[in-house]
Amino acid sequence: MSDLWVFGYGSLMWRPDFPYLERHHALLRGAHRGLCIYSWVYRGTPEVPGLVFGLDRGGACRGIAFRVADKDKDDVVAYLRDREQVTSVYVEVTRPITVYADAPKRVDALFYVADRKNEQYAGHLPLDEQERLVRQGYGKSGPNCDYVISTAEHLRELDVHDAKLFELARRLQQG
């Protein structure tokens, strides 16, 4: 028996909605955060898609690691699968991350990466196209703009600099 670590890089950073024992800054190597997923449920529809974050190949990603008690593990995994795999655009993986607690340590964490074979995979879109999709997106969880702006704000709080995301958030806030 052991506790579960979960890596959040998008809305999980600021809205995990599951019980956890610890929350720390973390680094994942080998994947980067990008607005690379057409949202058909939470921030858009199939007819009018929004755009949400996915972890895509290459680079690194700073986010948040949550340590979940062993007794809550099964419920948290079930919750995450319901939340993250509603349209099967993400693949569930467990890989090493570095957690920055008292001292940096490597742990295996559960997280979700973009499935490049899924029809919702948008790839690397130009900033103007990202803006268009985000502005039009509205889904089960509300306006796509709110999601992108909130993620940008939380990355600033973590002292994570993402020039493209911050420029997109600036444009969205200007109306």
# chains A, B, ... in the order shown; residues from 1 in each chain; ligands from 1
$ select_by_dssp --residues "range 19-149 of chain A" --states "alpha helix (DSSP H)" --output "number ranges by chain"
A: 73-84, 127-136, 144-149
$ residues_around --residues "Ala31 in chain A" --least-positions-apart "6" --cutoff "6 Å" --atoms "only C-alpha atoms" --output "list in words"
Leu55, Asp56, Arg57, Gly58, Gly59 and Ala60 of chain A
$ closest_atom_pairs --of "range 2-81 of chain A" --to "range 124-146 of chain A" --cutoff "8 Å" --atoms "only C-alpha atoms" --output "Markdown table"
| residue | atom | partner | partner_atom | distance |
| --- | --- | --- | --- | --- |
| A:Gly34 | CA | A:His124 | CA | 7.8 |
| A:Leu35 | CA | A:Gln130 | CA | 7.5 |
| A:Cys36 | CA | A:His124 | CA | 6.1 |
| A:Ser39 | CA | A:Gly137 | CA | 7.9 |
| A:Trp40 | CA | A:Gly139 | CA | 7.4 |
| A:Val41 | CA | A:Gly139 | CA | 5.5 |
| A:Tyr42 | CA | A:Lys140 | CA | 4.6 |
| A:Arg43 | CA | A:Gly139 | CA | 4.0 |
| A:Gly44 | CA | A:Gly139 | CA | 4.2 |
| A:Thr45 | CA | A:Gly139 | CA | 6.2 |
| A:Val48 | CA | A:Gly137 | CA | 6.4 |
| A:Pro49 | CA | A:Gly137 | CA | 5.6 |
| A:Gly50 | CA | A:Gly137 | CA | 3.8 |
| A:Leu51 | CA | A:Val134 | CA | 5.6 |
| A:Val52 | CA | A:Asn144 | CA | 7.8 |
$ write_last_selection --atoms "C-alpha atoms" --output "PDB file, in the first residue's frame"
ATOM      1  CA  GLY A  34      -0.155  23.368 -24.665  1.00  0.00           C
ATOM      2  CA  LEU A  35      -3.610  24.389 -25.847  1.00  0.00           C
ATOM      3  CA  CYS A  36      -3.704  21.374 -28.131  1.00  0.00           C
ATOM      4  CA  SER A  39     -12.920  20.804 -26.155  1.00  0.00           C
ATOM      5  CA  TRP A  40     -16.266  19.224 -26.951  1.00  0.00           C
ATOM      6  CA  VAL A  41     -17.658  18.996 -23.415  1.00  0.00           C
ATOM      7  CA  TYR A  42     -16.238  21.217 -20.676  1.00  0.00           C
ATOM      8  CA  ARG A  43     -15.287  24.339 -22.679  1.00  0.00           C
ATOM      9  CA  GLY A  44     -17.038  23.823 -26.002  1.00  0.00           C
ATOM     10  CA  THR A  45     -19.179  21.477 -28.065  1.00  0.00           C
ATOM     11  CA  VAL A  48     -18.521  24.980 -31.598  1.00  0.00           C
ATOM     12  CA  PRO A  49     -15.328  23.645 -30.015  1.00  0.00           C
ATOM     13  CA  GLY A  50     -13.238  25.382 -27.437  1.00  0.00           C
ATOM     14  CA  LEU A  51      -9.572  24.694 -26.735  1.00  0.00           C
ATOM     15  CA  VAL A  52      -8.065  23.177 -23.589  1.00  0.00           C
TER      16      VAL A  52
END
$ closest_residue --among "A:Pro16, A:Glu92, A:Trp5, A:Leu158" --to "Val107 in chain A" --atoms "only C-alpha atoms"
A:Trp5
$ residues_around --residues "range 83-88 of chain A" --least-positions-apart "4" --cutoff "8 Å" --atoms "only C-alpha atoms" --output "PyMOL selection string"
chain A and resi 79+112+118
$ write_last_selection --atoms "N, CA, C and O atoms" --output "PDB file, in the first residue's frame"
ATOM      1  N   TYR A  79     -12.588   9.273  -9.995  1.00  0.00           N
ATOM      2  CA  TYR A  79     -12.991  10.654 -10.259  1.00  0.00           C
ATOM      3  C   TYR A  79     -12.192  11.245 -11.426  1.00  0.00           C
ATOM      4  O   TYR A  79     -12.765  11.864 -12.333  1.00  0.00           O
ATOM      5  N   TYR A 112      -2.464  12.789 -17.250  1.00  0.00           N
ATOM      6  CA  TYR A 112      -3.099  12.503 -18.537  1.00  0.00           C
ATOM      7  C   TYR A 112      -2.398  13.278 -19.640  1.00  0.00           C
ATOM      8  O   TYR A 112      -2.197  14.486 -19.525  1.00  0.00           O
ATOM      9  N   ASN A 118      -6.296  10.980 -31.546  1.00  0.00           N
ATOM     10  CA  ASN A 118      -7.698  11.311 -31.328  1.00  0.00           C
ATOM     11  C   ASN A 118      -8.092  12.507 -32.198  1.00  0.00           C
ATOM     12  O   ASN A 118      -7.307  13.439 -32.377  1.00  0.00           O
TER      13      ASN A 118
END
$ select_by_dssp --residues "range 12-123 of chain A" --states "strand (DSSP E or B)" --output "count of residues only"
60
$ residues_around --residues "Ile64 in chain A" --least-positions-apart "2" --cutoff "7 Å" --atoms "only C-alpha atoms" --output "ChimeraX atom specification"
/A:7-9,13,23-26,66
$ write_last_selection --atoms "all heavy atoms" --output "compact mmCIF listing (two decimals), in the first residue's frame"
# COMPACT_ATOMS: atom_id res chain seq x y z
N PHE A 7 -0.29 14.57 -10.88
CA PHE A 7 0.31 15.79 -11.44
C PHE A 7 -0.75 16.59 -12.17
O PHE A 7 -1.43 16.08 -13.06
CB PHE A 7 1.45 15.42 -12.40
CG PHE A 7 2.13 16.62 -13.02
CD1 PHE A 7 2.93 17.44 -12.25
CD2 PHE A 7 1.95 16.91 -14.36
CE1 PHE A 7 3.56 18.55 -12.81
CE2 PHE A 7 2.58 18.00 -14.94
CZ PHE A 7 3.38 18.83 -14.16
N GLY A 8 -0.90 17.85 -11.78
CA GLY A 8 -1.85 18.76 -12.43
C GLY A 8 -1.11 19.84 -13.18
O GLY A 8 -0.15 20.41 -12.67
N TYR A 9 -1.56 20.13 -14.40
CA TYR A 9 -0.90 21.13 -15.24
C TYR A 9 -1.87 22.14 -15.83
O TYR A 9 -1.47 23.13 -16.43
CB TYR A 9 -0.14 20.44 -16.38
CG TYR A 9 -1.00 19.58 -17.26
CD1 TYR A 9 -1.65 20.10 -18.37
CD2 TYR A 9 -1.20 18.23 -16.96
CE1 TYR A 9 -2.47 19.31 -19.16
CE2 TYR A 9 -2.01 17.44 -17.74
CZ TYR A 9 -2.65 17.98 -18.84
OH TYR A 9 -3.45 17.20 -19.62
N MET A 13 -4.62 22.18 -11.28
CA MET A 13 -3.76 22.96 -10.39
C MET A 13 -4.60 23.81 -9.44
O MET A 13 -4.27 23.95 -8.28
CB MET A 13 -2.84 23.90 -11.19
CG MET A 13 -1.79 23.21 -11.99
SD MET A 13 -0.61 24.38 -12.71
CE MET A 13 -1.66 25.47 -13.67
N ARG A 23 0.31 19.30 -1.25
CA ARG A 23 0.27 19.98 -2.54
C ARG A 23 1.61 20.70 -2.69
O ARG A 23 1.97 21.51 -1.84
CB ARG A 23 -0.88 20.99 -2.54
CG ARG A 23 -1.00 21.85 -3.77
CD ARG A 23 -2.07 22.93 -3.55
NE ARG A 23 -2.33 23.67 -4.75
CZ ARG A 23 -1.62 24.71 -5.17
NH1 ARG A 23 -0.58 25.13 -4.48
NH2 ARG A 23 -1.93 25.33 -6.29
N HIS A 24 2.35 20.39 -3.77
CA HIS A 24 3.68 20.98 -3.98
C HIS A 24 3.91 21.33 -5.44
O HIS A 24 3.31 20.71 -6.34
CB HIS A 24 4.79 19.99 -3.57
CG HIS A 24 4.72 19.56 -2.15
ND1 HIS A 24 5.08 20.37 -1.10
CD2 HIS A 24 4.33 18.37 -1.60
CE1 HIS A 24 4.91 19.70 0.03
NE2 HIS A 24 4.46 18.50 -0.24
N HIS A 25 4.80 22.27 -5.67
CA HIS A 25 5.26 22.55 -7.03
C HIS A 25 5.95 21.28 -7.54
O HIS A 25 6.57 20.55 -6.77
CB HIS A 25 6.28 23.69 -7.04
CG HIS A 25 5.68 25.01 -6.69
ND1 HIS A 25 6.06 26.17 -7.29
CD2 HIS A 25 4.72 25.37 -5.82
CE1 HIS A 25 5.37 27.17 -6.80
NE2 HIS A 25 4.55 26.71 -5.89
N ALA A 26 5.85 21.06 -8.86
CA ALA A 26 6.44 19.84 -9.43
C ALA A 26 6.88 20.12 -10.87
O ALA A 26 6.43 21.08 -11.50
CB ALA A 26 5.43 18.70 -9.40
N PHE A 66 -0.04 16.51 -6.21
CA PHE A 66 -0.91 16.27 -5.06
C PHE A 66 -0.64 14.86 -4.56
O PHE A 66 -0.66 13.90 -5.34
CB PHE A 66 -2.38 16.37 -5.47
CG PHE A 66 -2.77 17.71 -6.01
CD1 PHE A 66 -2.73 17.96 -7.37
CD2 PHE A 66 -3.19 18.72 -5.16
CE1 PHE A 66 -3.12 19.18 -7.88
CE2 PHE A 66 -3.57 19.96 -5.66
CZ PHE A 66 -3.53 20.19 -7.03
$ closest_residue --among "A:Lys73, A:Arg62, A:Lys117, A:His32" --to "Tyr20 in chain A" --atoms "only C-alpha atoms"
A:Lys73
$ decode --residues "range 32-62 of chain A" --atoms "N, CA, C and O atoms" --output "mmCIF file, in the first residue's frame"
data_model
loop_
_atom_site.group_PDB
_atom_site.id
_atom_site.type_symbol
_atom_site.label_atom_id
_atom_site.label_comp_id
_atom_site.auth_asym_id
_atom_site.auth_seq_id
_atom_site.Cartn_x
_atom_site.Cartn_y
_atom_site.Cartn_z
ATOM 1 N N HIS A 32 5.213 18.928 -22.557
ATOM 2 C CA HIS A 32 4.950 20.346 -22.273
ATOM 3 C C HIS A 32 3.445 20.605 -22.316
ATOM 4 O O HIS A 32 2.694 19.873 -22.956
ATOM 5 N N ARG A 33 3.033 21.660 -21.617
ATOM 6 C CA ARG A 33 1.639 22.078 -21.581
ATOM 7 C C ARG A 33 1.349 22.887 -22.851
ATOM 8 O O ARG A 33 2.117 23.757 -23.230
ATOM 9 N N GLY A 34 0.233 22.598 -23.490
ATOM 10 C CA GLY A 34 -0.155 23.368 -24.665
ATOM 11 C C GLY A 34 -1.653 23.323 -24.874
ATOM 12 O O GLY A 34 -2.314 22.363 -24.486
ATOM 13 N N LEU A 35 -2.195 24.368 -25.469
ATOM 14 C CA LEU A 35 -3.610 24.389 -25.847
ATOM 15 C C LEU A 35 -3.742 23.577 -27.134
ATOM 16 O O LEU A 35 -3.799 24.121 -28.229
ATOM 17 N N CYS A 36 -3.782 22.279 -26.981
ATOM 18 C CA CYS A 36 -3.704 21.374 -28.131
ATOM 19 C C CYS A 36 -4.878 20.409 -28.242
ATOM 20 O O CYS A 36 -4.845 19.470 -29.028
ATOM 21 N N ILE A 37 -5.941 20.661 -27.457
ATOM 22 C CA ILE A 37 -7.089 19.759 -27.447
ATOM 23 C C ILE A 37 -8.359 20.561 -27.745
ATOM 24 O O ILE A 37 -8.671 21.532 -27.058
ATOM 25 N N TYR A 38 -9.097 20.139 -28.779
ATOM 26 C CA TYR A 38 -10.415 20.727 -29.017
ATOM 27 C C TYR A 38 -11.348 20.244 -27.923
ATOM 28 O O TYR A 38 -11.479 19.035 -27.702
ATOM 29 N N SER A 39 -11.999 21.170 -27.232
ATOM 30 C CA SER A 39 -12.920 20.804 -26.155
ATOM 31 C C SER A 39 -14.334 20.675 -26.699
ATOM 32 O O SER A 39 -14.879 21.625 -27.263
ATOM 33 N N TRP A 40 -14.909 19.492 -26.491
ATOM 34 C CA TRP A 40 -16.266 19.224 -26.951
ATOM 35 C C TRP A 40 -17.262 19.110 -25.800
ATOM 36 O O TRP A 40 -18.449 18.931 -26.046
ATOM 37 N N VAL A 41 -16.762 19.180 -24.558
ATOM 38 C CA VAL A 41 -17.658 18.996 -23.415
ATOM 39 C C VAL A 41 -17.527 20.155 -22.428
ATOM 40 O O VAL A 41 -18.454 20.925 -22.239
ATOM 41 N N TYR A 42 -16.379 20.272 -21.781
ATOM 42 C CA TYR A 42 -16.238 21.217 -20.676
ATOM 43 C C TYR A 42 -16.127 22.679 -21.111
ATOM 44 O O TYR A 42 -16.594 23.575 -20.418
ATOM 45 N N ARG A 43 -15.499 22.951 -22.244
ATOM 46 C CA ARG A 43 -15.287 24.339 -22.679
ATOM 47 C C ARG A 43 -15.698 24.570 -24.126
ATOM 48 O O ARG A 43 -15.270 25.532 -24.755
ATOM 49 N N GLY A 44 -16.538 23.686 -24.642
ATOM 50 C CA GLY A 44 -17.038 23.823 -26.002
ATOM 51 C C GLY A 44 -17.959 22.662 -26.327
ATOM 52 O O GLY A 44 -18.327 21.878 -25.453
ATOM 53 N N THR A 45 -18.333 22.563 -27.587
ATOM 54 C CA THR A 45 -19.179 21.477 -28.065
ATOM 55 C C THR A 45 -18.571 20.961 -29.375
ATOM 56 O O THR A 45 -17.729 21.650 -29.970
ATOM 57 N N PRO A 46 -19.016 19.812 -29.868
ATOM 58 C CA PRO A 46 -18.493 19.361 -31.167
ATOM 59 C C PRO A 46 -18.783 20.357 -32.292
ATOM 60 O O PRO A 46 -17.978 20.529 -33.203
ATOM 61 N N GLU A 47 -19.928 21.041 -32.214
ATOM 62 C CA GLU A 47 -20.301 22.011 -33.242
ATOM 63 C C GLU A 47 -19.521 23.325 -33.114
ATOM 64 O O GLU A 47 -19.198 23.955 -34.119
ATOM 65 N N VAL A 48 -19.244 23.736 -31.876
ATOM 66 C CA VAL A 48 -18.521 24.980 -31.598
ATOM 67 C C VAL A 48 -17.456 24.661 -30.545
ATOM 68 O O VAL A 48 -17.649 24.910 -29.356
ATOM 69 N N PRO A 49 -16.338 24.097 -30.987
ATOM 70 C CA PRO A 49 -15.328 23.645 -30.015
ATOM 71 C C PRO A 49 -14.579 24.797 -29.346
ATOM 72 O O PRO A 49 -14.405 25.871 -29.930
ATOM 73 N N GLY A 50 -14.181 24.525 -28.126
ATOM 74 C CA GLY A 50 -13.238 25.382 -27.437
ATOM 75 C C GLY A 50 -11.859 24.740 -27.545
ATOM 76 O O GLY A 50 -11.641 23.840 -28.358
ATOM 77 N N LEU A 51 -10.943 25.197 -26.702
ATOM 78 C CA LEU A 51 -9.572 24.694 -26.735
ATOM 79 C C LEU A 51 -9.064 24.577 -25.302
ATOM 80 O O LEU A 51 -9.161 25.541 -24.527
ATOM 81 N N VAL A 52 -8.558 23.399 -24.944
ATOM 82 C CA VAL A 52 -8.065 23.177 -23.589
ATOM 83 C C VAL A 52 -6.643 22.623 -23.626
ATOM 84 O O VAL A 52 -6.138 22.215 -24.664
ATOM 85 N N PHE A 53 -6.033 22.608 -22.459
ATOM 86 C CA PHE A 53 -4.647 22.169 -22.341
ATOM 87 C C PHE A 53 -4.520 20.655 -22.389
ATOM 88 O O PHE A 53 -5.372 19.927 -21.905
ATOM 89 N N GLY A 54 -3.416 20.246 -22.953
ATOM 90 C CA GLY A 54 -2.997 18.866 -22.924
ATOM 91 C C GLY A 54 -1.496 18.834 -22.730
ATOM 92 O O GLY A 54 -0.813 19.837 -22.945
ATOM 93 N N LEU A 55 -0.998 17.711 -22.309
ATOM 94 C CA LEU A 55 0.447 17.500 -22.262
ATOM 95 C C LEU A 55 0.834 16.846 -23.569
ATOM 96 O O LEU A 55 0.310 15.802 -23.941
ATOM 97 N N ASP A 56 1.758 17.487 -24.278
ATOM 98 C CA ASP A 56 2.199 16.993 -25.573
ATOM 99 C C ASP A 56 3.682 16.672 -25.495
ATOM 100 O O ASP A 56 4.400 17.154 -24.607
ATOM 101 N N ARG A 57 4.162 15.881 -26.435
ATOM 102 C CA ARG A 57 5.539 15.390 -26.422
ATOM 103 C C ARG A 57 6.573 16.518 -26.427
ATOM 104 O O ARG A 57 6.420 17.521 -27.119
ATOM 105 N N GLY A 58 7.649 16.272 -25.686
ATOM 106 C CA GLY A 58 8.811 17.150 -25.706
ATOM 107 C C GLY A 58 8.770 18.249 -24.664
ATOM 108 O O GLY A 58 7.715 18.669 -24.208
ATOM 109 N N GLY A 59 9.940 18.693 -24.262
ATOM 110 C CA GLY A 59 10.054 19.813 -23.333
ATOM 111 C C GLY A 59 9.860 19.399 -21.888
ATOM 112 O O GLY A 59 10.147 18.271 -21.479
ATOM 113 N N ALA A 60 9.340 20.348 -21.120
ATOM 114 C CA ALA A 60 9.105 20.135 -19.697
ATOM 115 C C ALA A 60 7.885 20.945 -19.292
ATOM 116 O O ALA A 60 7.492 21.886 -19.983
ATOM 117 N N CYS A 61 7.300 20.587 -18.168
ATOM 118 C CA CYS A 61 6.105 21.266 -17.690
ATOM 119 C C CYS A 61 6.165 21.394 -16.181
ATOM 120 O O CYS A 61 6.340 20.395 -15.477
ATOM 121 N N ARG A 62 6.007 22.629 -15.707
ATOM 122 C CA ARG A 62 5.876 22.861 -14.267
ATOM 123 C C ARG A 62 4.402 22.894 -13.913
ATOM 124 O O ARG A 62 3.590 23.460 -14.636
#
